[in-house]
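Right, one structure below, let's go through it.
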Amino acid sequence: MIPATFKSHFDMTERERFEYQENRIRLMVERGCKCEVCGKPLHLGNLQLAHRIPKAKGYLKKYGKDVIHHPLNLATVCSLKCNGAVLLDPKTHPIEARKLIRRIYERTQNSQEISYR
């Protein structure tokens, strides 16, 4: 089955839409209901989940879905401007991206965490 994040919202089943929204809300609450960049209050109307390491095909193939969709790779932000501010593309931010990937690998190996998809 294709993870919900790879599908259009129109192609998701009702259960996938519910799980997607539930995960968005969980991350928003865990992170204090504030944009991680500018600190503005978040609500479902302005919440965006930004991938720090982009979910481009090349990165999905290289690092896998469990890294790309891991909660540590997702930032809760309020706008496209703030979305762009959290980007850690390995091509432009190799050291920071490597550190994040290492932290995700350590977490998944130690606790077998499930990524938010």
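Letters for chains follow the order of the structure tokens (A, B, ...), residue numbers begin at 1 for each chain, and ligand numbers begin at 1 in the order shown.
With only C-alpha atoms taken into account, the protein and nucleic acid residues at most 12 Å from Cys38 of chain A (excluding it and anything under 6 positions from it in its own chain) are A:Ala75, A:Thr76, A:Val77, A:Cys78, A:Ser79, A:Leu80, A:Lys81, A:Cys82, A:Asn83, A:Ala85, A:Val86.
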Just the selected residues (N, CA and C atoms), exported as a compact mmCIF listing (two decimals), in the first residue's frame, please.
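File produced: again34.txt:
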# COMPACT_ATOMS: atom_id res chain seq x y z
N ALA A 75 8.87 19.35 10.23
CA ALA A 75 8.74 20.56 11.03
C ALA A 75 7.31 21.07 10.91
N THR A 76 6.75 21.58 12.00
CA THR A 76 5.42 22.19 11.95
C THR A 76 5.61 23.68 11.71
N VAL A 77 5.10 24.15 10.58
CA VAL A 77 5.28 25.54 10.18
C VAL A 77 3.95 26.15 9.74
N CYS A 78 3.95 27.48 9.61
CA CYS A 78 2.70 28.19 9.31
C CYS A 78 2.57 28.66 7.86
N SER A 79 3.67 28.69 7.11
CA SER A 79 3.60 29.27 5.77
C SER A 79 4.70 28.69 4.88
N LEU A 80 4.61 28.99 3.59
CA LEU A 80 5.65 28.54 2.67
C LEU A 80 6.99 29.20 2.98
N LYS A 81 6.95 30.43 3.45
CA LYS A 81 8.19 31.11 3.83
C LYS A 81 8.88 30.35 4.97
N CYS A 82 8.12 29.99 5.99
CA CYS A 82 8.70 29.24 7.11
C CYS A 82 9.05 27.82 6.68
N ASN A 83 8.29 27.26 5.75
CA ASN A 83 8.59 25.93 5.21
C ASN A 83 9.98 25.94 4.60
N ALA A 85 12.42 27.84 5.30
CA ALA A 85 13.45 28.14 6.29
C ALA A 85 13.96 26.89 7.01
N VAL A 86 13.21 25.79 7.00
CA VAL A 86 13.64 24.57 7.70
C VAL A 86 14.34 23.57 6.78
If we count only C-alpha atoms and set the cut-off at 10 Å, which residues sit around Leu72 of chain A, ignoring sequence neighbours fewer than 4 positions away in its own chain? Please answer as a list of chain:residue names.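 Using only C-alpha atoms, the neighbours found are A:His51, A:Arg52, A:Val67, A:Ile68, A:Leu100, A:Ile101, A:Arg103, A:Ile104, A:Arg107, A:Ser115, A:Tyr116.
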As a count of residues only, please: every residue in chain A that a backbone DSSP assignment puts in strand (DSSP E or B). 10
Using only C-alpha atoms, which of A:Glu22, A:Arg98, A:Ala50, A:Leu42 sits nearest Pro71 of chain A? A:Ala50
Looking only at the backbone, which of the residues in chain A does DSSP tag as helix (DSSP H, G or I), as an MDAnalysis selection string? chainID A and resid 4:6 9:11 14:30 57:63 65:68 71:73 80:85 94:111
Those residues you just picked out, can you put them in a file as an mmCIF file, in the first residue's frame with C-alpha atoms?
data_model
loop_
_atom_site.group_PDB
_atom_site.id
_atom_site.type_symbol
_atom_site.label_atom_id
_atom_site.label_comp_id
_atom_site.auth_asym_id
_atom_site.auth_seq_id
_atom_site.Cartn_x
_atom_site.Cartn_y
_atom_site.Cartn_z
ATOM 1 C CA ALA A 4 -0.789 8.545 2.513
ATOM 2 C CA THR A 5 1.861 11.226 1.940
ATOM 3 C CA PHE A 6 2.459 9.947 -1.607
ATOM 4 C CA HIS A 9 -5.889 13.897 -0.612
ATOM 5 C CA PHE A 10 -8.512 12.974 -3.226
ATOM 6 C CA ASP A 11 -6.959 9.510 -3.691
ATOM 7 C CA GLU A 14 -11.347 7.777 4.523
ATOM 8 C CA ARG A 15 -9.127 5.895 6.988
ATOM 9 C CA GLU A 16 -5.923 7.277 5.397
ATOM 10 C CA ARG A 17 -7.313 10.844 5.554
ATOM 11 C CA PHE A 18 -8.183 10.317 9.231
ATOM 12 C CA GLU A 19 -4.700 8.940 10.058
ATOM 13 C CA TYR A 20 -3.028 11.760 8.117
ATOM 14 C CA GLN A 21 -4.994 14.431 10.023
ATOM 15 C CA GLU A 22 -4.449 12.638 13.326
ATOM 16 C CA ASN A 23 -0.680 12.601 12.767
ATOM 17 C CA ARG A 24 -0.633 16.283 11.784
ATOM 18 C CA ILE A 25 -2.516 17.202 14.953
ATOM 19 C CA ARG A 26 -0.267 14.994 17.112
ATOM 20 C CA LEU A 27 2.889 16.656 15.786
ATOM 21 C CA MET A 28 1.405 20.133 16.153
ATOM 22 C CA VAL A 29 0.439 19.498 19.794
ATOM 23 C CA GLU A 30 3.760 17.794 20.630
ATOM 24 C CA LYS A 57 12.500 10.719 -5.389
ATOM 25 C CA GLY A 58 16.284 10.641 -5.158
ATOM 26 C CA TYR A 59 16.283 11.176 -1.401
ATOM 27 C CA LEU A 60 13.466 8.675 -0.880
ATOM 28 C CA LYS A 61 15.511 6.097 -2.767
ATOM 29 C CA LYS A 62 18.768 6.957 -0.977
ATOM 30 C CA TYR A 63 17.489 7.292 2.620
ATOM 31 C CA LYS A 65 10.636 6.358 3.641
ATOM 32 C CA ASP A 66 11.400 5.752 7.303
ATOM 33 C CA VAL A 67 13.965 8.570 7.293
ATOM 34 C CA ILE A 68 12.141 11.008 5.020
ATOM 35 C CA PRO A 71 8.926 12.945 12.877
ATOM 36 C CA LEU A 72 12.437 14.400 13.341
ATOM 37 C CA ASN A 73 12.477 15.221 9.625
ATOM 38 C CA LEU A 80 5.647 28.544 2.665
ATOM 39 C CA LYS A 81 8.192 31.115 3.828
ATOM 40 C CA CYS A 82 8.697 29.241 7.107
ATOM 41 C CA ASN A 83 8.588 25.934 5.211
ATOM 42 C CA GLY A 84 11.589 27.037 3.167
ATOM 43 C CA ALA A 85 13.452 28.136 6.291
ATOM 44 C CA PRO A 94 25.484 18.445 3.878
ATOM 45 C CA ILE A 95 26.735 18.607 7.477
ATOM 46 C CA GLU A 96 23.374 19.479 9.053
ATOM 47 C CA ALA A 97 21.546 16.912 6.892
ATOM 48 C CA ARG A 98 24.063 14.196 7.812
ATOM 49 C CA LYS A 99 23.602 14.952 11.531
ATOM 50 C CA LEU A 100 19.817 14.763 11.214
ATOM 51 C CA ILE A 101 19.965 11.493 9.267
ATOM 52 C CA ARG A 102 22.295 10.024 11.897
ATOM 53 C CA ARG A 103 19.885 11.042 14.703
ATOM 54 C CA ILE A 104 16.974 9.446 12.849
ATOM 55 C CA TYR A 105 18.909 6.213 12.247
ATOM 56 C CA GLU A 106 19.891 6.070 15.927
ATOM 57 C CA ARG A 107 16.308 6.622 17.064
ATOM 58 C CA THR A 108 14.829 4.048 14.707
ATOM 59 C CA GLN A 109 17.438 1.427 15.574
ATOM 60 C CA ASN A 110 17.114 1.974 19.341
ATOM 61 C CA SER A 111 13.353 2.231 19.643
#
Option closest in space to Leu74 of chain A, from A:Leu49, A:Cys33, A:Leu88, A:Met12 [counting only C-alpha atoms]: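 Of the candidates, the smallest distance to Leu74 of chain A is held by A:Leu49.
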Between A:Leu87, A:Thr92, A:Leu47, A:Ile53, which has the minimum distance to Lys34 of chain A (counting only C-alpha atoms)?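 Ranked by minimum distance to Lys34 of chain A, first place goes to A:Leu47.
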Here atom CA of His70 of chain A and atom CA of Leu44 of chain A stand apart by 20.3 Å
d(atom CA of Asp89 of chain A, atom CA of Arg31 of chain A) in Å: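 Pair atom CA of Asp89 of chain A / atom CA of Arg31 of chain A returns 22.3 Å.
You will find atom CA of Asn46 of chain A at 28.0 Å from atom CA of Gly64 of chain A.
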